[in-house]
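Asker: Following this line is input_20.txt, made up of compact mmCIF, C-alpha atoms:
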# COMPACT_ATOMS: atom_id res chain seq x y z
CA MET A 30 88.97 42.13 -8.77
CA GLU A 31 90.25 45.34 -10.24
CA PRO A 32 87.76 47.82 -11.65
CA GLY A 33 87.78 47.39 -15.39
CA LEU A 34 88.10 43.61 -15.30
CA ILE A 35 84.39 43.38 -15.96
CA GLU A 36 84.82 44.46 -19.56
CA GLU A 37 87.18 41.55 -20.21
CA HIS A 38 84.52 38.96 -19.52
CA ASP A 39 82.56 39.36 -22.70
CA GLY A 40 84.36 41.98 -24.63
CA GLY A 41 82.44 44.81 -23.00
CA GLY A 42 78.94 43.67 -24.03
CA ARG A 43 76.10 45.96 -23.07
CA SER A 44 74.37 43.43 -20.85
CA THR A 45 77.53 42.83 -18.87
CA GLN A 46 78.03 46.52 -18.32
CA ALA A 47 74.41 47.06 -17.38
CA VAL A 48 74.43 44.14 -14.96
CA SER A 49 77.72 45.28 -13.45
CA GLN A 50 76.17 48.66 -12.76
CA LEU A 51 73.13 47.00 -11.29
CA PHE A 52 75.35 44.80 -9.17
CA TYR A 53 77.29 47.63 -7.60
CA GLU A 54 74.08 49.57 -7.04
CA HIS A 55 72.06 46.78 -5.42
CA ALA A 56 74.23 43.79 -4.45
CA ARG A 57 74.52 44.79 -0.81
CA ARG A 58 70.78 45.10 -0.54
CA VAL A 59 70.08 41.76 -2.22
CA HIS A 60 72.73 40.10 -0.06
CA GLY A 61 71.15 41.60 3.05
CA TYR A 62 67.71 40.44 1.95
CA VAL A 63 68.92 36.83 1.63
CA ARG A 64 70.83 36.89 4.92
CA HIS A 65 68.00 38.35 6.95
CA HIS A 66 64.96 36.71 5.34
CA HIS A 67 66.45 33.29 4.64
CA PRO A 68 68.92 32.40 7.38
CA GLY A 69 70.65 29.13 6.69
CA VAL A 70 70.82 29.80 2.95
CA ASP A 71 74.19 30.60 1.38
CA ALA A 72 73.74 34.29 0.52
CA ASP A 73 76.79 34.37 -1.75
CA ASP A 74 75.38 31.55 -3.87
CA VAL A 75 71.99 33.18 -4.15
CA VAL A 76 73.36 36.61 -5.04
CA SER A 77 75.66 35.12 -7.64
CA GLU A 78 72.80 33.14 -9.22
CA THR A 79 70.56 36.21 -9.10
CA PHE A 80 72.97 38.21 -11.20
CA VAL A 81 73.53 35.31 -13.60
CA ILE A 82 69.79 35.46 -14.25
CA ALA A 83 69.88 39.25 -14.45
CA MET A 84 72.47 38.89 -17.21
CA ARG A 85 70.05 36.80 -19.27
CA ARG A 86 67.01 38.95 -18.61
CA VAL A 87 68.38 42.43 -18.25
CA ALA A 88 65.97 43.75 -20.88
CA GLU A 89 62.98 42.76 -18.72
CA ILE A 90 63.96 44.83 -15.70
CA THR A 91 61.53 47.63 -14.97
CA ALA A 92 63.24 51.00 -14.78
CA GLY A 93 62.94 52.41 -11.28
CA ALA A 94 62.14 49.03 -9.77
CA GLU A 95 65.53 47.36 -10.16
CA ALA A 96 65.97 46.51 -6.46
CA ALA A 97 62.52 44.92 -6.24
CA TRP A 98 63.14 42.93 -9.44
CA LEU A 99 66.45 41.62 -8.11
CA ILE A 100 64.98 40.74 -4.72
CA GLY A 101 62.15 38.94 -6.53
CA VAL A 102 64.68 36.89 -8.50
CA ALA A 103 66.69 36.15 -5.35
CA ARG A 104 63.48 35.05 -3.63
CA ASN A 105 62.76 32.62 -6.45
CA VAL A 106 66.32 31.32 -6.44
CA VAL A 107 65.99 30.56 -2.73
CA ARG A 108 62.63 28.88 -3.22
CA ASN A 109 63.86 26.87 -6.16
CA THR A 110 66.08 24.61 -4.15
CA ALA A 111 65.41 21.11 -2.98
CA ARG A 112 65.49 22.17 0.64
CA SER A 113 63.39 25.25 0.43
CA ALA A 114 59.99 23.68 0.97
CA ARG A 115 61.02 22.75 4.48
CA ARG A 116 62.63 26.11 5.07
CA ARG A 117 59.56 28.20 4.28
CA GLN A 118 58.46 28.11 7.87
CA ARG A 119 61.77 29.55 8.89
CA PHE A 120 60.79 33.18 8.41
CA VAL A 121 60.11 32.70 12.08
CA GLU A 122 63.74 31.91 12.56
CA ALA A 123 64.64 35.13 10.78
CA LEU A 124 62.68 37.06 13.35
CA VAL A 125 63.93 35.12 16.33
CA ASN A 126 67.49 35.85 15.33
CA THR A 127 67.04 39.60 15.17
CA ARG A 128 68.03 42.14 17.75
CA PRO A 129 66.47 45.61 17.85
CA ARG A 130 68.56 48.42 16.50
CA THR A 131 70.13 50.27 19.37
CA SER A 132 69.60 53.60 17.65
CA ASN A 133 65.96 52.95 16.97
CA GLU A 134 63.36 55.19 18.49
CA LEU A 135 61.66 52.14 19.89
CA ALA A 136 64.48 51.79 22.34
CA ASP A 137 63.23 54.94 24.04
CA ALA A 138 59.66 53.75 24.23
CA ASP A 139 60.19 50.88 26.66
CA LEU A 140 59.09 48.47 23.96
CA LEU A 141 61.97 46.08 24.02
CA SER A 142 61.93 42.73 25.82
CA GLU A 143 58.35 41.66 26.54
CA HIS A 144 56.75 43.53 23.64
CA VAL A 145 59.27 42.14 21.24
CA GLU A 146 58.77 38.69 22.72
CA SER A 147 55.01 39.05 22.24
CA LEU A 148 55.59 40.08 18.67
CA ARG A 149 57.75 37.05 18.04
CA THR A 150 55.15 34.70 19.48
CA GLY A 151 52.33 36.29 17.49
CA PHE A 152 54.41 36.37 14.34
CA GLY A 153 55.16 32.68 14.76
CA ARG A 154 51.46 31.91 14.58
CA LEU A 155 51.05 33.49 11.16
CA THR A 156 51.28 31.53 7.94
CA PRO A 157 54.62 31.67 6.09
CA GLU A 158 52.87 33.76 3.42
CA ASP A 159 51.80 36.37 5.96
CA GLN A 160 55.21 36.33 7.61
CA GLU A 161 56.95 36.88 4.31
CA VAL A 162 54.84 39.83 3.17
CA LEU A 163 55.24 41.49 6.58
CA LEU A 164 59.02 41.11 6.55
CA LEU A 165 59.28 42.38 2.98
CA ALA A 166 57.33 45.48 3.93
CA ALA A 167 58.93 46.04 7.34
CA TRP A 168 62.53 45.19 6.58
CA GLU A 169 62.85 45.99 2.89
CA GLY A 170 60.45 48.93 2.89
CA LEU A 171 58.56 47.44 -0.04
CA ALA A 172 55.04 48.51 -0.89
CA GLY A 173 52.67 48.76 -3.86
CA ARG A 174 54.32 48.05 -7.20
CA ASP A 175 57.67 47.02 -5.71
CA LEU A 176 56.07 44.58 -3.29
CA ALA A 177 54.03 43.20 -6.19
CA ILE A 178 57.14 42.66 -8.31
CA VAL A 179 58.79 40.66 -5.55
CA LEU A 180 55.68 38.55 -4.89
CA GLY A 181 54.82 38.10 -8.56
CA THR A 182 51.34 39.53 -8.30
CA THR A 183 49.49 42.78 -8.91
CA ALA A 184 49.97 45.91 -6.81
CA GLU A 185 46.38 45.69 -5.63
CA ARG A 186 46.74 42.10 -4.48
CA ALA A 187 50.09 42.77 -2.83
CA THR A 188 48.64 45.71 -0.94
CA ASP A 189 45.66 43.64 0.10
CA ARG A 190 47.89 40.79 1.29
CA LEU A 191 49.94 43.21 3.37
CA TYR A 192 46.85 44.81 4.84
CA ARG A 193 45.39 41.45 5.82
CA ALA A 194 48.70 40.21 7.23
CA ARG A 195 49.05 43.34 9.37
CA ARG A 196 45.55 42.86 10.65
CA ARG A 197 46.19 39.24 11.53
CA LEU A 198 49.46 40.16 13.24
CA ARG A 199 47.62 42.70 15.37
CA GLY A 200 45.09 40.03 16.25
CA HIS A 201 47.71 37.52 17.32
CA VAL A 202 49.79 39.98 19.31
CA ARG A 203 46.69 41.39 20.94
CA THR A 204 45.61 37.92 21.98
CA ASP A 205 48.99 37.27 23.48
CA THR A 206 49.49 40.51 25.32
CA ASP A 207 46.50 42.75 25.69
CA THR A 208 43.82 42.24 28.17
CA ASP A 209 42.48 45.67 28.73
CA SER A 210 43.08 47.99 25.80
CA GLU A 211 41.83 48.02 22.32
CA GLU A 212 41.41 49.63 19.10
CA SER A 213 40.40 47.65 16.06
CA MET B 24 49.95 44.53 29.76
CA SER B 25 48.61 46.93 27.17
CA LEU B 26 50.16 47.21 23.75
CA THR B 27 49.39 50.54 22.17
CA VAL B 28 51.86 50.44 19.31
CA ASP B 29 51.06 48.65 16.07
CA PRO B 30 53.13 45.44 16.19
CA PHE B 31 54.10 46.11 12.59
CA ASP B 32 56.00 49.16 13.81
CA ILE B 33 57.88 46.97 16.27
CA LEU B 34 58.71 44.68 13.37
CA VAL B 35 60.09 47.68 11.47
CA GLY B 36 62.18 48.46 14.51
CA LEU B 37 63.79 45.02 14.31
CA ARG B 38 65.13 45.74 10.85
CA SER B 39 68.85 45.39 10.47
CA ASP B 40 70.81 48.60 10.13
CA ASP B 41 73.30 47.04 7.72
CA ASP B 42 74.76 49.38 5.14
CA VAL B 43 72.91 48.62 1.89
CA SER B 44 74.12 51.65 -0.04
CA ALA B 45 75.68 51.38 -3.50
CA LEU B 46 79.24 50.11 -3.80
CA GLU B 47 82.08 51.59 -5.75
CA PRO B 48 83.76 49.06 -8.05
CA GLY B 49 86.90 47.82 -6.35
CA SER B 50 85.86 49.04 -2.90
CA ASP B 51 84.90 45.63 -1.50
CA ALA B 52 86.88 42.58 -2.58
CA ALA B 53 84.21 40.12 -1.46
CA PHE B 54 81.53 41.71 -3.63
CA ASP B 55 83.93 42.13 -6.55
CA ALA B 56 84.60 38.39 -6.34
CA LEU B 57 80.85 37.69 -6.31
CA LEU B 58 80.35 39.70 -9.48
CA ALA B 59 83.27 37.97 -11.17
CA ARG B 60 81.73 34.63 -10.20
CA ALA B 61 78.36 35.58 -11.68
CA LEU B 62 79.94 36.74 -14.91
CA ASP B 63 82.05 33.59 -15.15
CA VAL B 64 78.98 31.40 -14.67
CA SER B 65 77.11 33.33 -17.37
CA ARG B 66 79.95 32.85 -19.78
CA SER B 67 80.40 29.14 -19.10
CA ALA B 68 76.61 28.57 -19.14
CA GLY B 69 76.56 29.91 -22.68
CA HIS B 70 79.25 27.44 -23.63
CA SER B 71 77.49 24.51 -22.00
CA ARG B 72 74.17 25.33 -23.65
CA ARG B 73 75.85 25.15 -26.99
CA GLY B 74 77.46 21.86 -25.99
CA ASN B 75 74.13 20.39 -24.93
CA ARG B 76 72.50 21.23 -28.21
CA ARG B 77 75.28 19.48 -30.03
CA LYS B 78 74.94 16.39 -27.87
CA ARG B 79 71.19 16.26 -28.39
CA ARG B 80 71.52 16.25 -32.14
CA ILE B 81 73.88 13.30 -31.98
CA PHE B 82 71.57 11.46 -29.60
CA LEU B 83 68.53 12.00 -31.80
CA GLY B 84 70.31 10.92 -34.96
CA GLY B 85 71.43 7.70 -33.35
CA LEU B 86 67.95 6.87 -32.16
CA ILE B 87 66.31 7.48 -35.51
CA VAL B 88 68.62 4.92 -37.02
CA ALA B 89 68.04 2.50 -34.19
CA VAL B 90 64.23 2.56 -34.08
CA SER B 91 63.36 3.42 -37.66
CA GLY B 92 61.34 6.29 -36.28
CA THR B 93 57.62 5.80 -35.75
CA ALA B 94 55.87 8.92 -34.55
CA GLY B 95 55.57 7.64 -31.01
CA THR B 96 59.16 6.63 -30.56
CA LEU B 97 60.40 9.79 -32.23
CA ALA B 98 58.45 11.88 -29.76
CA TRP B 99 60.04 9.89 -26.97
CA ALA B 100 63.46 10.47 -28.48
CA LEU B 101 62.96 14.22 -28.47
CA THR B 102 62.64 14.32 -24.71
CA ARG B 103 64.53 12.69 -21.91
CA HIS B 104 62.57 11.32 -18.96
CA GLU B 105 64.42 11.34 -15.68
CA HIS B 106 63.72 10.73 -12.02
CA PRO B 107 64.20 13.56 -9.51
CA VAL B 108 67.05 13.65 -7.04
CA ASP B 109 64.55 14.80 -4.44
CA PRO B 110 61.11 13.22 -5.05
CA THR B 111 59.49 15.03 -2.12
CA THR B 112 59.24 18.57 -3.51
CA ILE B 113 57.47 20.22 -6.45
CA SER B 114 57.90 23.71 -7.82
CA CYS B 115 54.64 24.82 -9.46
CA ASN B 116 55.36 27.59 -11.97
CA GLN B 117 52.98 30.26 -13.19
CA VAL B 118 54.65 30.61 -16.59
CA ALA B 119 56.93 28.45 -18.73
CA GLU B 120 60.12 30.16 -17.63
CA LEU B 121 62.70 29.35 -15.02
CA PHE B 122 62.91 31.48 -11.89
CA GLN B 123 59.56 33.22 -12.38
CA SER B 124 56.66 33.08 -9.94
CA GLN B 125 56.39 29.71 -8.34
CA LEU B 126 54.70 27.88 -5.53
CA VAL B 127 56.74 25.22 -3.75
CA VAL B 128 54.70 22.31 -2.43
CA VAL B 129 55.29 18.91 -0.91
CA ARG B 130 54.91 16.00 -3.30
CA THR B 131 52.73 13.02 -2.59
CA ALA B 132 52.13 9.86 -4.60
CA GLU B 133 49.69 11.89 -6.74
CA ASP B 134 50.68 13.13 -10.20
CA PRO B 135 52.67 16.36 -9.72
CA VAL B 136 50.57 18.27 -12.25
CA GLU B 137 47.43 17.46 -10.26
CA THR B 138 49.13 18.41 -6.98
CA CYS B 139 50.02 21.79 -8.47
CA ARG B 140 46.52 22.27 -9.87
CA ARG B 141 45.00 21.88 -6.42
CA ALA B 142 47.71 23.84 -4.62
CA GLU B 143 47.52 26.78 -7.01
CA ALA B 144 43.72 26.90 -6.83
CA SER B 145 43.80 27.12 -3.05
CA GLN B 146 46.96 29.13 -2.40
CA VAL B 147 47.40 31.44 -5.40
CA PRO B 148 43.94 31.77 -6.97
CA GLU B 149 45.06 35.01 -8.60
CA TRP B 150 47.04 32.92 -11.08
CA GLY B 151 43.74 31.76 -12.56
CA PRO B 152 42.85 28.27 -13.86
CA MET B 153 45.97 26.22 -14.54
CA PRO B 154 46.45 25.52 -18.27
CA PRO B 155 47.56 22.10 -19.56
CA SER B 156 50.92 21.57 -17.91
CA VAL B 157 53.91 19.28 -17.84
CA ALA B 158 56.27 18.12 -15.10
CA CYS B 159 59.96 18.64 -15.86
CA LEU B 160 63.08 17.99 -13.84
CA LEU B 161 64.70 21.19 -12.57
CA PRO B 162 68.47 21.57 -12.39
CA THR B 163 68.09 21.53 -8.61
CA GLY B 164 66.84 17.94 -8.74
CA ILE B 165 63.18 18.54 -7.94
CA ALA B 166 60.04 18.40 -10.05
CA GLY B 167 59.03 21.63 -11.80
CA VAL B 168 55.52 21.90 -13.27
CA PHE B 169 55.15 24.39 -16.14
CA PRO B 170 52.33 25.35 -18.52
CA GLY B 171 52.90 23.50 -21.78
CA ASP B 172 53.76 20.02 -22.97
CA GLU B 173 56.84 17.85 -23.10
CA ASN B 174 58.42 20.15 -25.69
CA THR B 175 58.29 22.90 -23.06
CA CYS B 176 60.76 20.96 -20.92
CA ALA B 177 63.14 20.69 -23.85
CA GLU B 178 62.76 24.40 -24.62
CA LEU B 179 63.75 25.16 -21.04
CA GLY B 180 66.74 22.84 -21.34
CA LEU B 181 65.15 20.37 -18.92
CA ALA B 182 64.36 16.68 -18.98
CA VAL B 183 60.76 15.56 -18.66
CA LEU B 184 60.06 14.23 -15.20
CA ASP B 185 59.56 10.51 -15.00
CA THR B 186 56.45 10.60 -12.83
CA THR B 187 56.40 6.89 -12.14
CA LEU B 188 57.73 6.43 -8.66
CA SER B 189 60.66 4.08 -8.30
CA PRO B 190 60.42 1.71 -5.33
CA TYR B 191 62.94 3.90 -3.49
CA GLU B 192 61.03 7.13 -4.23
CA ALA B 193 57.79 5.52 -3.07
CA LYS B 194 59.46 4.55 0.19
CA VAL B 195 60.84 8.05 0.71
CA LEU B 196 57.43 9.62 0.17
CA ALA B 197 55.80 7.08 2.47
CA MET B 198 58.42 7.72 5.15
CA GLU B 199 58.02 11.47 4.91
CA ASP B 200 54.25 11.20 4.96
CA ALA B 201 54.29 8.90 8.00
CA ALA B 202 56.64 11.16 9.94
CA THR B 203 54.95 14.45 9.14
CA THR B 204 51.47 13.03 9.73
CA GLU B 205 52.38 11.80 13.20
CA ILE B 206 54.05 15.11 14.06
CA SER B 207 51.06 17.08 12.78
CA ASN B 208 48.71 14.91 14.81
CA ARG B 209 50.63 15.73 17.98
CA ASN B 210 49.81 19.41 17.25
CA GLY B 211 52.32 20.89 19.65
CA CYS B 212 55.91 21.70 20.35
CA LEU B 213 57.87 18.42 20.41
CA GLU B 214 61.33 18.06 21.85
CA PRO B 215 63.98 17.24 19.26
CA GLU B 216 64.49 13.71 20.61
CA ALA B 217 60.78 13.01 20.27
CA VAL B 218 60.82 14.19 16.65
CA ALA B 219 63.92 12.10 15.97
CA ASP B 220 62.17 9.01 17.40
CA ILE B 221 59.16 9.57 15.14
CA VAL B 222 61.39 9.89 12.08
CA ARG B 223 63.41 6.79 13.04
CA ARG B 224 60.21 4.78 13.39
CA ALA B 225 59.02 6.03 9.99
CA ILE B 226 62.34 5.04 8.43
CA ASP B 227 62.19 1.59 10.02
CA SER B 228 58.57 0.99 9.05
CA THR B 229 59.25 1.85 5.40
CA GLN B 230 62.45 -0.22 5.37
CA LEU B 231 64.60 2.58 3.99
CA ASP B 232 68.28 1.77 4.05
CA GLY B 233 71.15 4.13 4.65
CA TRP B 234 69.17 7.01 6.14
CA LYS B 235 70.46 8.85 9.16
CA VAL B 236 68.67 11.10 11.62
CA GLU B 237 70.63 13.90 13.23
CA ILE B 238 69.70 16.59 15.69
CA VAL B 239 71.43 19.83 14.74
CA GLY B 240 71.42 23.45 15.94
CA ASP B 241 71.04 25.09 19.32
CA TYR B 242 67.82 24.49 21.20
CA THR B 243 67.08 27.49 23.39
CA LYS B 244 64.15 29.01 25.18
CA ALA B 245 63.41 30.93 22.00
CA GLN B 246 63.66 27.82 19.79
CA PRO B 247 62.80 24.79 21.92
CA CYS B 248 60.94 22.64 19.36
CA GLY B 249 62.18 20.16 16.81
CA GLY B 250 61.36 20.61 13.12
CA ILE B 251 62.30 18.28 10.26
CA GLU B 252 64.20 18.90 7.07
CA PHE B 253 64.65 15.96 4.72
CA VAL B 254 67.78 16.15 2.59
CA VAL B 255 66.94 13.34 0.21
CA ALA B 256 70.15 13.50 -1.84
CA ASP B 257 72.16 12.88 1.35
CA ARG B 258 69.65 10.39 2.83
CA ASP B 259 69.57 12.64 5.84
CA ALA B 260 66.75 13.77 8.12
CA LYS B 261 67.85 16.81 10.08
CA ILE B 262 66.01 17.83 13.23
CA LEU B 263 66.27 21.61 13.41
CA PRO B 264 65.32 24.05 16.19
CA LEU B 265 62.05 25.93 15.77
CA PRO B 266 60.25 28.49 17.93
CA ASN B 267 57.19 27.32 19.81
CA MET B 268 54.48 28.24 17.31
CA TRP B 269 51.79 26.31 19.10
CA GLY B 270 51.82 28.01 22.49
CA GLY B 271 51.90 26.12 25.76
CA PRO B 272 54.94 24.39 27.22
Represent the structure contained in this file as structure tokens.

Answerer:
Amino acid sequence: MEPGLIEEHDGGGRSTQAVSQLFYEHARRVHGYVRHHHPGVDADDVVSETFVIAMRRVAEITAGAEAAWLIGVARNVVRNTARSARRRQRFVEALVNTRPRTSNELADADLLSEHVESLRTGFGRLTPEDQEVLLLAAWEGLAGRDLAIVLGTTAERATDRLYRARRRLRGHVRTDTDTDSEES
Amino acid sequence: MSLTVDPFDILVGLRSDDDVSALEPGSDAAFDALLARALDVSRSAGHSRRGNRRKRRIFLGGLIVAVSGTAGTLAWALTRHEHPVDPTTISCNQVAELFQSQLVVVRTAEDPVETCRRAEASQVPEWGPMPPSVACLLPTGIAGVFPGDENTCAELGLAVLDTTLSPYEAKVLAMEDAATTEISNRNGCLEPEAVADIVRRAIDSTQLDGWKVEIVGDYTKAQPCGGIEFVVADRDAKILPLPNMWGGP
């Protein structure tokens, strides 16, 4: 599509322009969220539906939290499908499919292979709710208000959920791997 | 082996390094096409909403003539009651709006509003006590429970869910319940063939016709176990690979 075609869709209405700006600012991120957190779901469909909804509700979007709002809508679009109830457990699949970034500092810390495998096993023992909040924080960098917007709760509750999920993850990974060290 | 790094930090290290920066209009044809698609859908949705309203007025007028309009039948005429495409899933919604906070749960023979009431109380207590609610039929073919009454469904452009189970829906729920109960009771990683056998037996015992069971995906050391996904609209039970979440062989 040529730049400028957007204005032809509804005569240059303000919501179309605002959503087009939002789209170019955040579409890659929303698309990445769907691909990485919900493997097996058609990311193009979800992103398209997300911005259809954004068109209707553009006035509700919190300034400064646009990405979180869009990811929250995309999350609900994914969940609102007939198949999604059976796919909830597949956050595990999202993790299994990942490969560490080659440029990451962890590569220098001899943490790949067995530590990552331990993480995957421990992560698999968490509830889908814990898995989701951990991935949103770890992969999307969400915290506080933004995490709350995505999860549809308050910042305090979102922070508490993340804290508890991190603690449970430590417990599961510790059980799987550690026999002689510990900090609480 | 001693793990001295917070596993959360390892999780952060597994994040994709995809480019998620802003796009310039016209710089990526695939994303331009996605935006065009979203805008087209918005435009045609506006047209179809108008069309639906027109159709509803005609429908209502015809019924008033036909039934001479007692209060009860008029209330029925204002709302359509329809069966779900997929009777096995419920979306419990915090507010009477589409695509807001929701909890997706598995449906049983129980009334969907009651299922949501219990699920919300145990899983999302922060939502508070559930107000009087109604079960509608979502565009995706599953039940959606919203605060409100039957008029709420109409306001959302939805039909009211017909909560009576048809003989076919009852069989589907019974089949799903039988299969998932047996798998849960095994409490371990089952090979895909074993899961497929359980599902086939459940299908046979409930006398469901036309259902197929297929094993799909790649079963590897990382994902050796079979999990089920029921695609009710296609009469299909897919056995999908899952990691071993139970430990042991």

Asker: Tell me which of B:Gly49, B:Pro148, B:Gly250, B:Pro170 sits closest to chain A, counting all atoms listed in the file.

Answerer: B:Gly49

Asker: Record the distance separating atom CA of B:Gln146 and atom CA of A:Glu158, expressed in Å with one decimal.

Answerer: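 Spanning atom CA of B:Gln146 to atom CA of A:Glu158 is a straight-line distance of 9.5 Å.
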
Asker: Given all atoms listed in the file as the basis, pick out the residue of A:Arg86, A:His67, A:Arg174, A:Arg154 nearest to chain B.

Answerer: A:Arg154

Asker: Take atom CA of A:Thr183 and atom CA of B:Pro135 and report the distance between them in Å, one decimal.

Answerer: 26.6 Å

Asker: Between atom CA of B:Pro190 and atom CA of B:Pro110, what is the spacing in Å?

Answerer: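 Atom CA of B:Pro110 sits 11.5 Å away from atom CA of B:Pro190.
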
Asker: Using only C-alpha atoms, pick whichever of B:Cys176, B:Val147, B:Val195, B:Leu121 has the shortest atom-to-atom distance to B:Gly233.

Answerer: B:Val195

Asker: Can you work out which one of B:Leu265, B:Val168, B:Ala193, B:Leu213 has the shortest atom-to-atom distance to chain A, counting only C-alpha atoms?

Answerer: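 Once distances to chain A are computed over only C-alpha atoms, the minimum belongs to B:Leu265.
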
Asker: Can you tell me, as a ChimeraX atom specification, what residues are no more than 10 Å from stretch 149-158 of chain B when counting all atoms listed in the file, ignoring any on the same chain fewer than 3 positions away?

Answerer: /A:181-183,186 /B:113-119,124,134-137,139-141,143-146,161,165-176,181-186

Asker: Compare A:Val48, A:Val81, A:Val179, A:Ala92 by their minimum atom-to-atom distance to chain B, counting all atoms listed in the file, and give me the closest one.

Answerer: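 Counting all atoms listed in the file, the residue closest to chain B is A:Val81.
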
Asker: So that I can check the surroundings of B:Ala225, please list as an mmCIF file with C-alpha atoms, in the coordinates of the input every protein, DNA and RNA residue that reaches within 10 Å of it, counting all atoms listed in the file and ignoring chain neighbours fewer than 5 positions away.

Answerer:
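Once written, out27.cif looks like this:
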data_model
loop_
_atom_site.group_PDB
_atom_site.id
_atom_site.type_symbol
_atom_site.label_atom_id
_atom_site.label_comp_id
_atom_site.auth_asym_id
_atom_site.auth_seq_id
_atom_site.Cartn_x
_atom_site.Cartn_y
_atom_site.Cartn_z
ATOM 1 C CA LYS B 194 59.460 4.550 0.190
ATOM 2 C CA VAL B 195 60.840 8.050 0.710
ATOM 3 C CA ALA B 197 55.800 7.080 2.470
ATOM 4 C CA MET B 198 58.420 7.720 5.150
ATOM 5 C CA GLU B 199 58.020 11.470 4.910
ATOM 6 C CA ASP B 200 54.250 11.200 4.960
ATOM 7 C CA ALA B 201 54.290 8.900 8.000
ATOM 8 C CA ALA B 202 56.640 11.160 9.940
ATOM 9 C CA THR B 203 54.950 14.450 9.140
ATOM 10 C CA GLU B 205 52.380 11.800 13.200
ATOM 11 C CA ALA B 219 63.920 12.100 15.970
ATOM 12 C CA ASP B 220 62.170 9.010 17.400
ATOM 13 C CA GLN B 230 62.450 -0.220 5.370
ATOM 14 C CA LEU B 231 64.600 2.580 3.990
#
